[in-house]
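S.K.: My file is input15.txt. It has compact mmCIF, N, CA and C atoms:
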# COMPACT_ATOMS: atom_id res chain seq x y z
N MET K 99 -70.40 68.33 -6.61
CA MET K 99 -71.30 69.45 -6.61
C MET K 99 -70.51 70.75 -6.50
N ALA K 100 -69.52 70.77 -5.62
CA ALA K 100 -68.73 71.99 -5.44
C ALA K 100 -67.98 72.34 -6.72
N ALA K 101 -67.45 71.33 -7.40
CA ALA K 101 -66.71 71.57 -8.64
C ALA K 101 -67.61 72.14 -9.74
N ALA K 102 -68.90 71.86 -9.64
CA ALA K 102 -69.85 72.38 -10.62
C ALA K 102 -70.36 73.77 -10.24
N GLY K 103 -69.86 74.30 -9.11
CA GLY K 103 -70.23 75.64 -8.71
C GLY K 103 -71.43 75.72 -7.77
N TRP K 104 -71.90 74.60 -7.27
CA TRP K 104 -73.03 74.60 -6.35
C TRP K 104 -72.54 74.95 -4.95
N ASP K 105 -73.35 75.62 -4.17
CA ASP K 105 -73.02 75.98 -2.80
C ASP K 105 -73.44 74.81 -1.89
N VAL K 106 -72.54 73.87 -1.70
CA VAL K 106 -72.84 72.66 -0.93
C VAL K 106 -73.19 73.00 0.51
N ARG K 107 -72.49 73.94 1.10
CA ARG K 107 -72.77 74.33 2.49
C ARG K 107 -74.18 74.90 2.65
N ALA K 108 -74.67 75.59 1.65
CA ALA K 108 -76.04 76.12 1.72
C ALA K 108 -77.05 74.98 1.76
N PHE K 109 -76.82 73.93 0.99
CA PHE K 109 -77.71 72.76 1.03
C PHE K 109 -77.62 72.06 2.38
N GLN K 110 -76.39 71.92 2.91
CA GLN K 110 -76.20 71.25 4.19
C GLN K 110 -76.83 72.03 5.34
N ALA K 111 -76.97 73.34 5.19
CA ALA K 111 -77.54 74.18 6.24
C ALA K 111 -79.07 74.07 6.32
N ILE K 112 -79.69 73.51 5.30
CA ILE K 112 -81.14 73.34 5.30
C ILE K 112 -81.51 72.21 6.24
N SER K 113 -82.43 72.46 7.15
CA SER K 113 -82.85 71.46 8.13
C SER K 113 -83.42 70.23 7.43
N GLY K 114 -82.93 69.07 7.81
CA GLY K 114 -83.46 67.81 7.28
C GLY K 114 -82.81 67.33 6.00
N VAL K 115 -81.92 68.12 5.40
CA VAL K 115 -81.26 67.70 4.16
C VAL K 115 -80.06 66.83 4.52
N GLU K 116 -79.99 65.67 3.91
CA GLU K 116 -78.88 64.73 4.13
C GLU K 116 -78.31 64.32 2.78
N PHE K 117 -77.03 64.06 2.76
CA PHE K 117 -76.37 63.54 1.57
C PHE K 117 -75.92 62.11 1.87
N GLU K 118 -76.16 61.21 0.94
CA GLU K 118 -75.68 59.84 1.13
C GLU K 118 -75.47 59.18 -0.22
N ASN K 119 -74.36 58.50 -0.35
CA ASN K 119 -74.09 57.71 -1.54
C ASN K 119 -74.88 56.42 -1.37
N THR K 120 -75.90 56.21 -2.19
CA THR K 120 -76.78 55.05 -2.03
C THR K 120 -76.29 53.81 -2.77
N ARG K 121 -75.09 53.87 -3.31
CA ARG K 121 -74.57 52.71 -4.04
C ARG K 121 -74.41 51.50 -3.12
N ASN K 122 -74.03 51.74 -1.88
CA ASN K 122 -73.81 50.66 -0.93
C ASN K 122 -74.64 50.88 0.33
N LEU K 123 -74.23 50.32 1.43
CA LEU K 123 -74.97 50.37 2.68
C LEU K 123 -75.11 51.78 3.24
N GLY K 124 -74.12 52.63 3.06
CA GLY K 124 -74.20 53.99 3.57
C GLY K 124 -74.07 54.05 5.08
N PHE K 125 -74.86 54.90 5.74
CA PHE K 125 -74.75 55.12 7.18
C PHE K 125 -75.52 54.09 8.01
N ALA K 126 -76.32 53.28 7.41
CA ALA K 126 -77.17 52.33 8.14
C ALA K 126 -76.39 51.06 8.50
N SER K 127 -76.99 50.27 9.38
CA SER K 127 -76.36 49.01 9.77
C SER K 127 -76.87 47.84 8.94
N GLN K 128 -77.93 48.06 8.18
CA GLN K 128 -78.44 46.99 7.31
C GLN K 128 -79.21 47.59 6.14
N TYR K 129 -79.40 46.78 5.12
CA TYR K 129 -80.15 47.20 3.95
C TYR K 129 -81.65 47.14 4.22
N ALA K 130 -82.42 47.88 3.45
CA ALA K 130 -83.88 47.82 3.52
C ALA K 130 -84.36 46.88 2.42
N ARG K 131 -85.32 46.05 2.71
CA ARG K 131 -85.88 45.15 1.71
C ARG K 131 -87.18 45.74 1.18
N LEU K 132 -87.21 46.02 -0.12
CA LEU K 132 -88.39 46.58 -0.75
C LEU K 132 -89.00 45.57 -1.70
N SER K 133 -90.31 45.40 -1.62
CA SER K 133 -91.02 44.47 -2.50
C SER K 133 -91.14 45.06 -3.88
N VAL K 134 -91.04 44.23 -4.88
CA VAL K 134 -91.20 44.65 -6.27
C VAL K 134 -92.69 44.65 -6.60
N PRO K 135 -93.20 45.77 -7.16
CA PRO K 135 -94.62 45.81 -7.52
C PRO K 135 -94.98 44.64 -8.46
N ASP K 136 -96.14 44.11 -8.29
CA ASP K 136 -96.64 43.00 -9.11
C ASP K 136 -95.82 41.73 -8.95
N GLY K 137 -95.03 41.63 -7.89
CA GLY K 137 -94.29 40.40 -7.61
C GLY K 137 -92.99 40.24 -8.36
N GLY K 138 -92.75 41.04 -9.38
CA GLY K 138 -91.50 40.97 -10.14
C GLY K 138 -91.44 39.75 -11.04
N ARG K 139 -90.53 39.77 -11.95
CA ARG K 139 -90.36 38.63 -12.87
C ARG K 139 -89.21 37.73 -12.43
N LEU K 140 -88.17 38.36 -11.88
CA LEU K 140 -87.00 37.59 -11.45
C LEU K 140 -86.87 37.57 -9.93
N PHE K 141 -87.09 38.73 -9.30
CA PHE K 141 -86.99 38.85 -7.85
C PHE K 141 -88.28 39.45 -7.31
N SER K 142 -88.75 38.96 -6.18
CA SER K 142 -89.96 39.51 -5.57
C SER K 142 -89.64 40.69 -4.66
N SER K 143 -88.36 40.84 -4.29
CA SER K 143 -87.94 41.97 -3.47
C SER K 143 -86.46 42.27 -3.74
N LEU K 144 -86.05 43.47 -3.35
CA LEU K 144 -84.66 43.89 -3.53
C LEU K 144 -84.14 44.47 -2.23
N ASP K 145 -82.90 44.19 -1.89
CA ASP K 145 -82.25 44.80 -0.74
C ASP K 145 -81.51 46.04 -1.24
N VAL K 146 -81.88 47.21 -0.70
CA VAL K 146 -81.34 48.48 -1.16
C VAL K 146 -80.90 49.33 0.03
N ASN K 147 -80.19 50.40 -0.25
CA ASN K 147 -79.80 51.35 0.78
C ASN K 147 -81.05 51.85 1.50
N HIS K 148 -80.95 52.04 2.79
CA HIS K 148 -82.08 52.44 3.63
C HIS K 148 -82.72 53.76 3.19
N SER K 149 -81.98 54.61 2.52
CA SER K 149 -82.50 55.92 2.12
C SER K 149 -83.73 55.80 1.22
N TYR K 150 -83.82 54.75 0.45
CA TYR K 150 -84.96 54.58 -0.45
C TYR K 150 -86.26 54.33 0.30
N SER K 151 -86.18 53.79 1.49
CA SER K 151 -87.41 53.54 2.26
C SER K 151 -87.60 54.54 3.40
N ASP K 152 -86.55 55.25 3.80
CA ASP K 152 -86.62 56.16 4.95
C ASP K 152 -87.01 57.59 4.60
N THR K 153 -87.12 57.93 3.35
CA THR K 153 -87.29 59.33 2.98
C THR K 153 -88.68 59.65 2.44
N ASP K 154 -89.05 60.91 2.58
CA ASP K 154 -90.29 61.40 1.99
C ASP K 154 -90.04 61.94 0.59
N VAL K 155 -88.88 62.55 0.40
CA VAL K 155 -88.50 63.11 -0.90
C VAL K 155 -87.07 62.69 -1.18
N PHE K 156 -86.84 62.16 -2.37
CA PHE K 156 -85.51 61.69 -2.74
C PHE K 156 -85.10 62.39 -4.03
N VAL K 157 -83.97 63.06 -4.01
CA VAL K 157 -83.46 63.74 -5.20
C VAL K 157 -82.19 63.03 -5.61
N SER K 158 -82.17 62.52 -6.81
CA SER K 158 -81.01 61.81 -7.33
C SER K 158 -80.17 62.75 -8.17
N LEU K 159 -78.89 62.80 -7.87
CA LEU K 159 -77.96 63.62 -8.65
C LEU K 159 -77.10 62.70 -9.49
N CYS K 160 -77.03 62.99 -10.76
CA CYS K 160 -76.20 62.16 -11.64
C CYS K 160 -74.73 62.44 -11.35
N LYS K 161 -73.90 61.57 -11.80
CA LYS K 161 -72.47 61.79 -11.68
C LYS K 161 -72.12 62.99 -12.54
N MET K 162 -71.52 63.98 -11.93
CA MET K 162 -71.21 65.20 -12.66
C MET K 162 -69.87 65.05 -13.36
N LYS K 163 -69.86 65.28 -14.65
CA LYS K 163 -68.66 65.13 -15.45
C LYS K 163 -68.42 66.40 -16.26
N GLU K 164 -67.19 66.62 -16.56
CA GLU K 164 -66.86 67.67 -17.50
C GLU K 164 -66.90 67.06 -18.90
N HIS K 165 -67.08 67.87 -19.90
CA HIS K 165 -67.19 67.35 -21.25
C HIS K 165 -65.99 66.48 -21.62
N ALA K 166 -64.80 66.90 -21.25
CA ALA K 166 -63.59 66.15 -21.60
C ALA K 166 -63.59 64.76 -20.97
N THR K 167 -64.07 64.63 -19.74
CA THR K 167 -64.08 63.32 -19.09
C THR K 167 -65.25 62.48 -19.56
N ALA K 168 -66.36 63.12 -19.95
CA ALA K 168 -67.51 62.36 -20.43
C ALA K 168 -67.23 61.74 -21.78
N ALA K 169 -66.51 62.46 -22.65
CA ALA K 169 -66.21 61.96 -23.98
C ALA K 169 -64.96 61.09 -24.01
N GLY K 170 -64.17 61.18 -22.96
CA GLY K 170 -62.92 60.41 -22.93
C GLY K 170 -61.79 61.24 -23.52
N SER K 171 -60.63 60.84 -23.19
CA SER K 171 -59.46 61.56 -23.68
C SER K 171 -58.97 60.92 -24.98
N ARG K 172 -58.92 61.70 -26.04
CA ARG K 172 -58.49 61.16 -27.33
C ARG K 172 -57.36 62.01 -27.88
N SER K 173 -56.37 61.37 -28.37
CA SER K 173 -55.29 62.13 -29.05
C SER K 173 -55.57 62.08 -30.54
N ARG K 174 -55.33 63.20 -31.20
CA ARG K 174 -55.60 63.27 -32.65
C ARG K 174 -54.35 63.54 -33.40
Just dump the structure as structure tokens.

M.R.:
Amino acid sequence: MAAAGWDVRAFQAISGVEFENTRNLGFASQYARLSVPDGGRLFSSLDVNHSYSDTDVFVSLCKMKEHATAAGSRSR
């Protein structure tokens, strides 16, 4: 975020705003189990990072890339 010019400290200063990488367990001691709507086809529930069940509002930020890294490095 900082490399993209965002003021990360301004976001952190907002009451109740938390940052967490939800790829893995994160700050919690266990995963949250969420049921799949309609029972699912393969799994009836999924174990996910606790943030998905603990929050009222969830904002997902994509991996920020520069054009050169998104397209890959090519020599011509």

S.K.: Find the spatial neighbours of Asn122 of chain K, counting only N, CA and C atoms, within a cut-off of 7 Å - ignore same-chain residues fewer than 4 positions away - and output them as JSON, numbers by chain.

M.R.: {"K": [146, 147, 148]}

S.K.: May I ask which of the residues K:Asp145, K:Glu118, K:Asp154, K:Asp105 is the closest one to Arg131 of chain K, counting all atoms listed in the file?

M.R.: K:Asp145

S.K.: With all atoms listed in the file as the basis for distance, which of K:Phe117, K:Leu159, K:Met99, K:Tyr150 is at the shortest distance from Ala130 of chain K?

M.R.: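 Counting all atoms listed in the file, the residue closest to Ala130 of chain K is K:Tyr150.
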
S.K.: In Å, rounded to a single decimal, give me how far atom CA of Arg139 of chain K is from atom N of Gly124 of chain K.

M.R.: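 These atoms are spaced 26.7 Å apart.
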
S.K.: With distances taken over only C-alpha atoms, which residue among K:Ala102, K:Ser158, K:Tyr129, K:Ala111 lies nearest Ser143 of chain K?

M.R.: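 Under the stated criterion, the closest residue is K:Tyr129.
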
S.K.: For Cys160 of chain K, which residue out of K:Asn119, K:Leu140, K:Gly114, K:Gln128 is the nearest one, using only C-alpha atoms?

M.R.: K:Asn119

S.K.: Could you tell me which of K:Phe109, K:Ser149, K:Gly138, K:Leu144 comes closest to Phe125 of chain K if we count only C-alpha atoms?

M.R.: K:Ser149

S.K.: State, in Å with one decimal place, the distance from atom N of Glu116 of chain K to atom C of Ala101 of chain K.

M.R.: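 According to the coordinates, atom N of Glu116 of chain K and atom C of Ala101 of chain K are separated by 19.5 Å.
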
S.K.: Have a look at atom CA of Leu132 of chain K and atom N of Ser151 of chain K and let me know their distance in Å, one decimal.

M.R.: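 Here the two named atoms are 7.9 Å from each other.
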
S.K.: Apply DSSP to the backbone of this structure and, from chain K, keep only the residues in alpha helix (DSSP H); write these as a list in words.

M.R.: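 Here is the list: Val106, Arg107, Ala108, Phe109, Gln110, Ser149, Tyr150, Ser151, Asp152, His165, Ala166, Thr167, Ala168 and Ala169 of chain K.
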
S.K.: With N, CA and C atoms retained, write the just-selected residues as a PDB file, in the frame of the given file.

M.R.:
ATOM      1  N   VAL K 106     -72.540  73.870  -1.700  1.00  0.00           N
ATOM      2  CA  VAL K 106     -72.840  72.660  -0.930  1.00  0.00           C
ATOM      3  C   VAL K 106     -73.190  73.000   0.510  1.00  0.00           C
ATOM      4  N   ARG K 107     -72.490  73.940   1.100  1.00  0.00           N
ATOM      5  CA  ARG K 107     -72.770  74.330   2.490  1.00  0.00           C
ATOM      6  C   ARG K 107     -74.180  74.900   2.650  1.00  0.00           C
ATOM      7  N   ALA K 108     -74.670  75.590   1.650  1.00  0.00           N
ATOM      8  CA  ALA K 108     -76.040  76.120   1.720  1.00  0.00           C
ATOM      9  C   ALA K 108     -77.050  74.980   1.760  1.00  0.00           C
ATOM     10  N   PHE K 109     -76.820  73.930   0.990  1.00  0.00           N
ATOM     11  CA  PHE K 109     -77.710  72.760   1.030  1.00  0.00           C
ATOM     12  C   PHE K 109     -77.620  72.060   2.380  1.00  0.00           C
ATOM     13  N   GLN K 110     -76.390  71.920   2.910  1.00  0.00           N
ATOM     14  CA  GLN K 110     -76.200  71.250   4.190  1.00  0.00           C
ATOM     15  C   GLN K 110     -76.830  72.030   5.340  1.00  0.00           C
ATOM     16  N   SER K 149     -81.980  54.610   2.520  1.00  0.00           N
ATOM     17  CA  SER K 149     -82.500  55.920   2.120  1.00  0.00           C
ATOM     18  C   SER K 149     -83.730  55.800   1.220  1.00  0.00           C
ATOM     19  N   TYR K 150     -83.820  54.750   0.450  1.00  0.00           N
ATOM     20  CA  TYR K 150     -84.960  54.580  -0.450  1.00  0.00           C
ATOM     21  C   TYR K 150     -86.260  54.330   0.300  1.00  0.00           C
ATOM     22  N   SER K 151     -86.180  53.790   1.490  1.00  0.00           N
ATOM     23  CA  SER K 151     -87.410  53.540   2.260  1.00  0.00           C
ATOM     24  C   SER K 151     -87.600  54.540   3.400  1.00  0.00           C
ATOM     25  N   ASP K 152     -86.550  55.250   3.800  1.00  0.00           N
ATOM     26  CA  ASP K 152     -86.620  56.160   4.950  1.00  0.00           C
ATOM     27  C   ASP K 152     -87.010  57.590   4.600  1.00  0.00           C
ATOM     28  N   HIS K 165     -67.080  67.870 -19.900  1.00  0.00           N
ATOM     29  CA  HIS K 165     -67.190  67.350 -21.250  1.00  0.00           C
ATOM     30  C   HIS K 165     -65.990  66.480 -21.620  1.00  0.00           C
ATOM     31  N   ALA K 166     -64.800  66.900 -21.250  1.00  0.00           N
ATOM     32  CA  ALA K 166     -63.590  66.150 -21.600  1.00  0.00           C
ATOM     33  C   ALA K 166     -63.590  64.760 -20.970  1.00  0.00           C
ATOM     34  N   THR K 167     -64.070  64.630 -19.740  1.00  0.00           N
ATOM     35  CA  THR K 167     -64.080  63.320 -19.090  1.00  0.00           C
ATOM     36  C   THR K 167     -65.250  62.480 -19.560  1.00  0.00           C
ATOM     37  N   ALA K 168     -66.360  63.120 -19.950  1.00  0.00           N
ATOM     38  CA  ALA K 168     -67.510  62.360 -20.430  1.00  0.00           C
ATOM     39  C   ALA K 168     -67.230  61.740 -21.780  1.00  0.00           C
ATOM     40  N   ALA K 169     -66.510  62.460 -22.650  1.00  0.00           N
ATOM     41  CA  ALA K 169     -66.210  61.960 -23.980  1.00  0.00           C
ATOM     42  C   ALA K 169     -64.960  61.090 -24.010  1.00  0.00           C
TER      43      ALA K 169
END

S.K.: Looking only at strand (DSSP E) from DSSP on the backbone, list the matching residues of chain K as a list in words.

M.R.: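 Residues of chain K classed as strand (DSSP E): Ala130, Arg131, Leu132, Ser133, Ser143, Leu144, Asp145 and Val146 of chain K.
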
S.K.: Take segment 142-156 of chain K, model N, CA, C and O atoms, and hand the result over as an mmCIF file, in the frame of the given file.

M.R.:
data_model
loop_
_atom_site.group_PDB
_atom_site.id
_atom_site.type_symbol
_atom_site.label_atom_id
_atom_site.label_comp_id
_atom_site.auth_asym_id
_atom_site.auth_seq_id
_atom_site.Cartn_x
_atom_site.Cartn_y
_atom_site.Cartn_z
ATOM 1 N N SER K 142 -88.750 38.960 -6.180
ATOM 2 C CA SER K 142 -89.960 39.510 -5.570
ATOM 3 C C SER K 142 -89.640 40.690 -4.660
ATOM 4 O O SER K 142 -90.527 41.452 -4.282
ATOM 5 N N SER K 143 -88.360 40.840 -4.290
ATOM 6 C CA SER K 143 -87.940 41.970 -3.470
ATOM 7 C C SER K 143 -86.460 42.270 -3.740
ATOM 8 O O SER K 143 -85.746 41.435 -4.298
ATOM 9 N N LEU K 144 -86.050 43.470 -3.350
ATOM 10 C CA LEU K 144 -84.660 43.890 -3.530
ATOM 11 C C LEU K 144 -84.140 44.470 -2.230
ATOM 12 O O LEU K 144 -84.868 45.181 -1.524
ATOM 13 N N ASP K 145 -82.900 44.190 -1.890
ATOM 14 C CA ASP K 145 -82.250 44.800 -0.740
ATOM 15 C C ASP K 145 -81.510 46.040 -1.240
ATOM 16 O O ASP K 145 -80.639 45.938 -2.107
ATOM 17 N N VAL K 146 -81.880 47.210 -0.700
ATOM 18 C CA VAL K 146 -81.340 48.480 -1.160
ATOM 19 C C VAL K 146 -80.900 49.330 0.030
ATOM 20 O O VAL K 146 -81.233 49.047 1.183
ATOM 21 N N ASN K 147 -80.190 50.400 -0.250
ATOM 22 C CA ASN K 147 -79.800 51.350 0.780
ATOM 23 C C ASN K 147 -81.050 51.850 1.500
ATOM 24 O O ASN K 147 -82.089 52.081 0.876
ATOM 25 N N HIS K 148 -80.950 52.040 2.790
ATOM 26 C CA HIS K 148 -82.080 52.440 3.630
ATOM 27 C C HIS K 148 -82.720 53.760 3.190
ATOM 28 O O HIS K 148 -83.903 53.987 3.446
ATOM 29 N N SER K 149 -81.980 54.610 2.520
ATOM 30 C CA SER K 149 -82.500 55.920 2.120
ATOM 31 C C SER K 149 -83.730 55.800 1.220
ATOM 32 O O SER K 149 -84.593 56.680 1.237
ATOM 33 N N TYR K 150 -83.820 54.750 0.450
ATOM 34 C CA TYR K 150 -84.960 54.580 -0.450
ATOM 35 C C TYR K 150 -86.260 54.330 0.300
ATOM 36 O O TYR K 150 -87.332 54.624 -0.193
ATOM 37 N N SER K 151 -86.180 53.790 1.490
ATOM 38 C CA SER K 151 -87.410 53.540 2.260
ATOM 39 C C SER K 151 -87.600 54.540 3.400
ATOM 40 O O SER K 151 -88.717 54.687 3.891
ATOM 41 N N ASP K 152 -86.550 55.250 3.800
ATOM 42 C CA ASP K 152 -86.620 56.160 4.950
ATOM 43 C C ASP K 152 -87.010 57.590 4.600
ATOM 44 O O ASP K 152 -87.209 58.400 5.495
ATOM 45 N N THR K 153 -87.120 57.930 3.350
ATOM 46 C CA THR K 153 -87.290 59.330 2.980
ATOM 47 C C THR K 153 -88.680 59.650 2.440
ATOM 48 O O THR K 153 -89.377 58.775 1.937
ATOM 49 N N ASP K 154 -89.050 60.910 2.580
ATOM 50 C CA ASP K 154 -90.290 61.400 1.990
ATOM 51 C C ASP K 154 -90.040 61.940 0.590
ATOM 52 O O ASP K 154 -90.871 61.825 -0.294
ATOM 53 N N VAL K 155 -88.880 62.550 0.400
ATOM 54 C CA VAL K 155 -88.500 63.110 -0.900
ATOM 55 C C VAL K 155 -87.070 62.690 -1.180
ATOM 56 O O VAL K 155 -86.191 62.826 -0.339
ATOM 57 N N PHE K 156 -86.840 62.160 -2.370
ATOM 58 C CA PHE K 156 -85.510 61.690 -2.740
ATOM 59 C C PHE K 156 -85.100 62.390 -4.030
ATOM 60 O O PHE K 156 -85.827 62.328 -5.013
#
